[in-house]
Amino acid sequence: MPRTSFTLEQVVSFLLDTPMFEDLSTSELSEVVGVLQVQCMRDGGVIFREGEPGDGWYLVWEGRIEVTRSSELGPTRSIEILGPHASFGETSVIDGQPRGVTARSVGETTLLRIPRREFERLLEEDSLAAYKLALAMARVVCRWHRQTMAELADAAVERDAMASAVRDRLEPLVPGLPPGE
């Protein structure tokens, strides 16, 4: 069964080893520790579903999380598997929009949850820790955006190459085929 209690030293050490928190001082980490919630999940447990409101974000203490997204064009796709020290669920906390993915535990998993309201409260109180975390979240979102744009550009080039290859094969077979662009 996943662990449900930790010492302050264990949590601070964990956070210091987590990329999203690496720029925070020990005193700033103590502000964050005050709002953390422990959540234990059994195998296959749903942390949140695509379309639900973003009421918090998460860190994987132990175990793994599968992130999936449904598609109108086909079956639900696995996007990634996250392990210890990974954070997820930040996007809906930042933009207030419904979840864009579903997150489910793979095996027994222990998570640390930061509720959206508590995070917003820290921001309202001008917590430097909250501002540093918001900047770290923005960096994560920017990295995802750059990666997605590169993948879209690669897909467009691949699509154009495939269309050209199909046209080249059809031209001898279809008289009067309009010229390609």
# chains A, B, ... in the order shown; residues from 1 in each chain; ligands from 1
call {"tool": "residues_around", "arguments": {"residues": "Glu52 in chain A", "least_positions_apart": "6", "cutoff": "10 Å", "atoms": "only C-alpha atoms", "output": "compact mmCIF listing (two decimals) with C-alpha atoms, in the first residue's frame"}}
result
# COMPACT_ATOMS: atom_id res chain seq x y z
CA SER A 92 -5.84 23.90 -15.89
CA GLN A 97 -10.02 25.81 -18.40
CA PRO A 98 -11.29 22.23 -18.05
CA ARG A 99 -8.75 19.41 -18.02
CA GLY A 100 -7.43 18.53 -21.47
CA VAL A 101 -6.35 15.02 -20.51
CA THR A 102 -7.21 12.15 -18.17
call {"tool": "residues_around", "arguments": {"residues": "Gly83 in chain A", "least_positions_apart": "4", "cutoff": "12 Å", "atoms": "only C-alpha atoms", "output": "PyMOL selection string"}}
result
chain A and resi 18+58-67+87-88+105-111
call {"tool": "closest_residue", "arguments": {"among": "A:Arg139, A:Leu29, A:Gln37, A:Asp168", "to": "Phe14 in chain A", "atoms": "only C-alpha atoms"}}
result
A:Leu29
call {"tool": "select_by_dssp", "arguments": {"residues": "range 25-133 of chain A", "states": "strand (DSSP E or B)", "output": "JSON, numbers by chain"}}
result
{"A": [37, 38, 39, 40, 41, 46, 47, 48, 56, 57, 58, 59, 60, 61, 62, 63, 64, 65, 66, 67, 68, 69, 70, 71, 74, 75, 76, 77, 78, 79, 80, 81, 82, 87, 88, 102, 103, 104, 105, 106, 107, 108, 109, 110, 111, 112, 113, 114, 115]}
call {"tool": "closest_residue", "arguments": {"among": "A:Ala103, A:Pro84, A:Arg143, A:Arg167", "to": "Asp17 in chain A", "atoms": "only C-alpha atoms"}}
result
A:Pro84
call {"tool": "atom_distance", "arguments": {"atom1": "CA of Arg117 in chain A", "atom2": "CA of Arg69 in chain A"}}
result
25.5 Å
call {"tool": "select_by_dssp", "arguments": {"residues": "range 4-172 of chain A", "states": "alpha helix (DSSP H)", "output": "PyMOL selection string"}}
result
chain A and resi 8-16+26-33+90-95+116-124+128-170
call {"tool": "write_last_selection", "arguments": {"atoms": "C-alpha atoms", "output": "compact mmCIF listing (two decimals), in the first residue's frame"}}
result
# COMPACT_ATOMS: atom_id res chain seq x y z
CA LEU A 8 8.84 17.43 6.98
CA GLU A 9 12.45 16.61 6.09
CA GLN A 10 11.35 13.89 3.66
CA VAL A 11 8.93 16.22 1.89
CA VAL A 12 11.42 19.10 1.66
CA SER A 13 14.10 16.74 0.35
CA PHE A 14 11.65 15.34 -2.22
CA LEU A 15 10.67 18.83 -3.38
CA LEU A 16 14.30 19.94 -3.67
CA THR A 26 14.00 25.94 2.20
CA SER A 27 11.80 28.65 3.78
CA GLU A 28 9.84 29.02 0.53
CA LEU A 29 9.37 25.25 0.41
CA SER A 30 7.92 25.33 3.92
CA GLU A 31 5.13 27.62 2.63
CA VAL A 32 4.28 25.07 -0.04
CA VAL A 33 4.48 22.11 2.35
CA GLU A 90 -0.71 22.60 -13.92
CA THR A 91 -2.24 23.84 -17.17
CA SER A 92 -5.84 23.90 -15.89
CA VAL A 93 -4.66 25.59 -12.71
CA ILE A 94 -2.99 28.32 -14.77
CA ASP A 95 -5.69 29.00 -17.36
CA ARG A 116 -5.85 25.40 -6.77
CA ARG A 117 -7.51 27.58 -4.11
CA GLU A 118 -4.56 27.21 -1.75
CA PHE A 119 -2.10 28.03 -4.53
CA GLU A 120 -4.14 31.10 -5.49
CA ARG A 121 -4.23 32.14 -1.83
CA LEU A 122 -0.43 32.00 -1.71
CA LEU A 123 -0.31 34.19 -4.83
CA GLU A 124 -2.75 36.69 -3.27
CA LEU A 128 7.59 34.42 -3.43
CA ALA A 129 7.34 30.61 -3.48
CA ALA A 130 4.01 30.78 -5.35
CA TYR A 131 5.43 33.27 -7.87
CA LYS A 132 8.47 31.08 -8.46
CA LEU A 133 6.21 28.07 -8.97
CA ALA A 134 3.99 30.03 -11.39
CA LEU A 135 7.13 30.90 -13.39
CA ALA A 136 8.22 27.25 -13.34
CA MET A 137 4.76 26.24 -14.59
CA ALA A 138 4.97 28.80 -17.39
CA ARG A 139 8.32 27.34 -18.42
CA VAL A 140 6.81 23.84 -18.54
CA VAL A 141 3.90 25.07 -20.66
CA CYS A 142 6.30 26.91 -23.01
CA ARG A 143 8.39 23.75 -23.41
CA TRP A 144 5.23 21.75 -24.27
CA HIS A 145 4.18 24.47 -26.72
CA ARG A 146 7.55 24.46 -28.50
CA GLN A 147 7.55 20.66 -28.70
CA THR A 148 3.99 20.60 -30.06
CA MET A 149 4.78 23.25 -32.68
CA ALA A 150 7.84 21.26 -33.84
CA GLU A 151 5.73 18.09 -34.07
CA LEU A 152 3.04 19.94 -36.06
CA ALA A 153 5.65 21.30 -38.47
CA ASP A 154 7.11 17.81 -38.95
CA ALA A 155 3.62 16.37 -39.53
CA ALA A 156 2.87 19.05 -42.16
CA VAL A 157 6.10 18.28 -44.03
CA GLU A 158 5.34 14.56 -43.88
CA ARG A 159 1.77 15.14 -45.11
CA ASP A 160 3.00 17.24 -48.05
CA ALA A 161 5.60 14.62 -48.98
CA MET A 162 2.97 11.86 -48.87
CA ALA A 163 0.55 13.91 -51.00
CA SER A 164 3.30 14.54 -53.55
CA ALA A 165 4.18 10.84 -53.68
CA VAL A 166 0.53 9.87 -54.20
CA ARG A 167 0.15 12.48 -56.96
CA ASP A 168 3.30 11.21 -58.69
CA ARG A 169 1.87 7.66 -58.71
CA LEU A 170 -1.59 8.76 -59.87
